[in-house]
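Here the structure is laid out as structure tokens; the discussion comes afterwards.
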Amino acid sequence: MIFITGPLYSGKKEYARRLLGCSREELKDRAVWDAQDQAKDCADLNALADELARYEVVIATEVGGGVVPIDPAQRAAREGAGRLSVLLAQRAQRVVRVFCGLPMELK
């Protein structure tokens, strides 16, 4: 599995599409994106990471780079998203961060 991360609207899906050599429609069958959203209220992040790692590509938007929210639920969602990203990076054969459309190989 290839794990692609980066800020919102940084070109992650377009990079994945080019990497896989597929159309936008084909990408839906080969990749999952917004993985960070699935971490919210997830009781077992390890099981979720195992499930997501079955895809060729997993895309997650980086969260937590801004102001820490006052709301405990929002803080918990950010923590879950961060922990899921760590688990996905551990399972990935390759980790790429896309920033301004530029891929940076991390692993």
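We label chains A, B, ... in the order they appear in the structure tokens, count residues from 1 in each chain, and number ligands from 1 in the order shown.
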
**Study point:** Test item: residues at most 8 Å from region 19-34 of chain A, only C-alpha atoms, excluding those fewer than 4 positions along its chain, as a PyMOL selection string
**Key:** chain A and resi 13+15+38+52+55-61

Point to revise | Option closest in space to Ala53 (chain A), from A:Lys107, A:Ser10, A:Leu87, A:Ala16 [counting only C-alpha atoms] | key: A:Leu87

Exercise for review: Once DSSP has gone over the backbone, tell me which residues of chain A are in strand (DSSP E or B), as number ranges by chain.
Suggested key: A: 2-6, 31-32, 57-61, 94-99, 102-105

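Every protein, DNA or RNA residue with an atom at most 6 Å from region 89-104 of chain A, where only C-alpha atoms count and chain neighbours fewer than 2 positions away do not, is listed here: A:Met1, A:Ile2, A:Phe3, A:Ile4, A:Thr5, A:Gly6, A:Ser10, A:Gly11, A:Lys12, A:Val86, A:Leu87, A:Leu106, A:Lys107.
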
Practice item. May I have the residues within 12 Å of Asp44 (chain A) as JSON, numbers by chain, using only C-alpha atoms and disregarding those fewer than 4 positions away in the same chain? Key: {"A": [38, 39, 40, 48, 49, 50, 51, 80, 83, 84, 87]}

Practice item. List every residue of chain A that DSSP, applied to the backbone, labels as alpha helix (DSSP H), and write the result as an MDAnalysis selection string. Key: chainID A and resid 12:20 24:30 35:38 45:52 72:91

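Summary of the local environment: counting only C-alpha atoms, residues at most 10 Å from Gly65 (chain A), other than itself and those fewer than 3 positions away along its chain, are Pro7, Glu62, Val68 and Arg78 of chain A.
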
Study note, to complete from the structure: With distances taken over only C-alpha atoms, the candidate from A:Ala81, A:Arg18, A:Glu105, A:Arg75 nearest Ala35 (chain A) is A:Ala81

Revision key, fill the gap. CA of Ala43 (chain A) to CA of Tyr9 (chain A) measures 28.3 Å
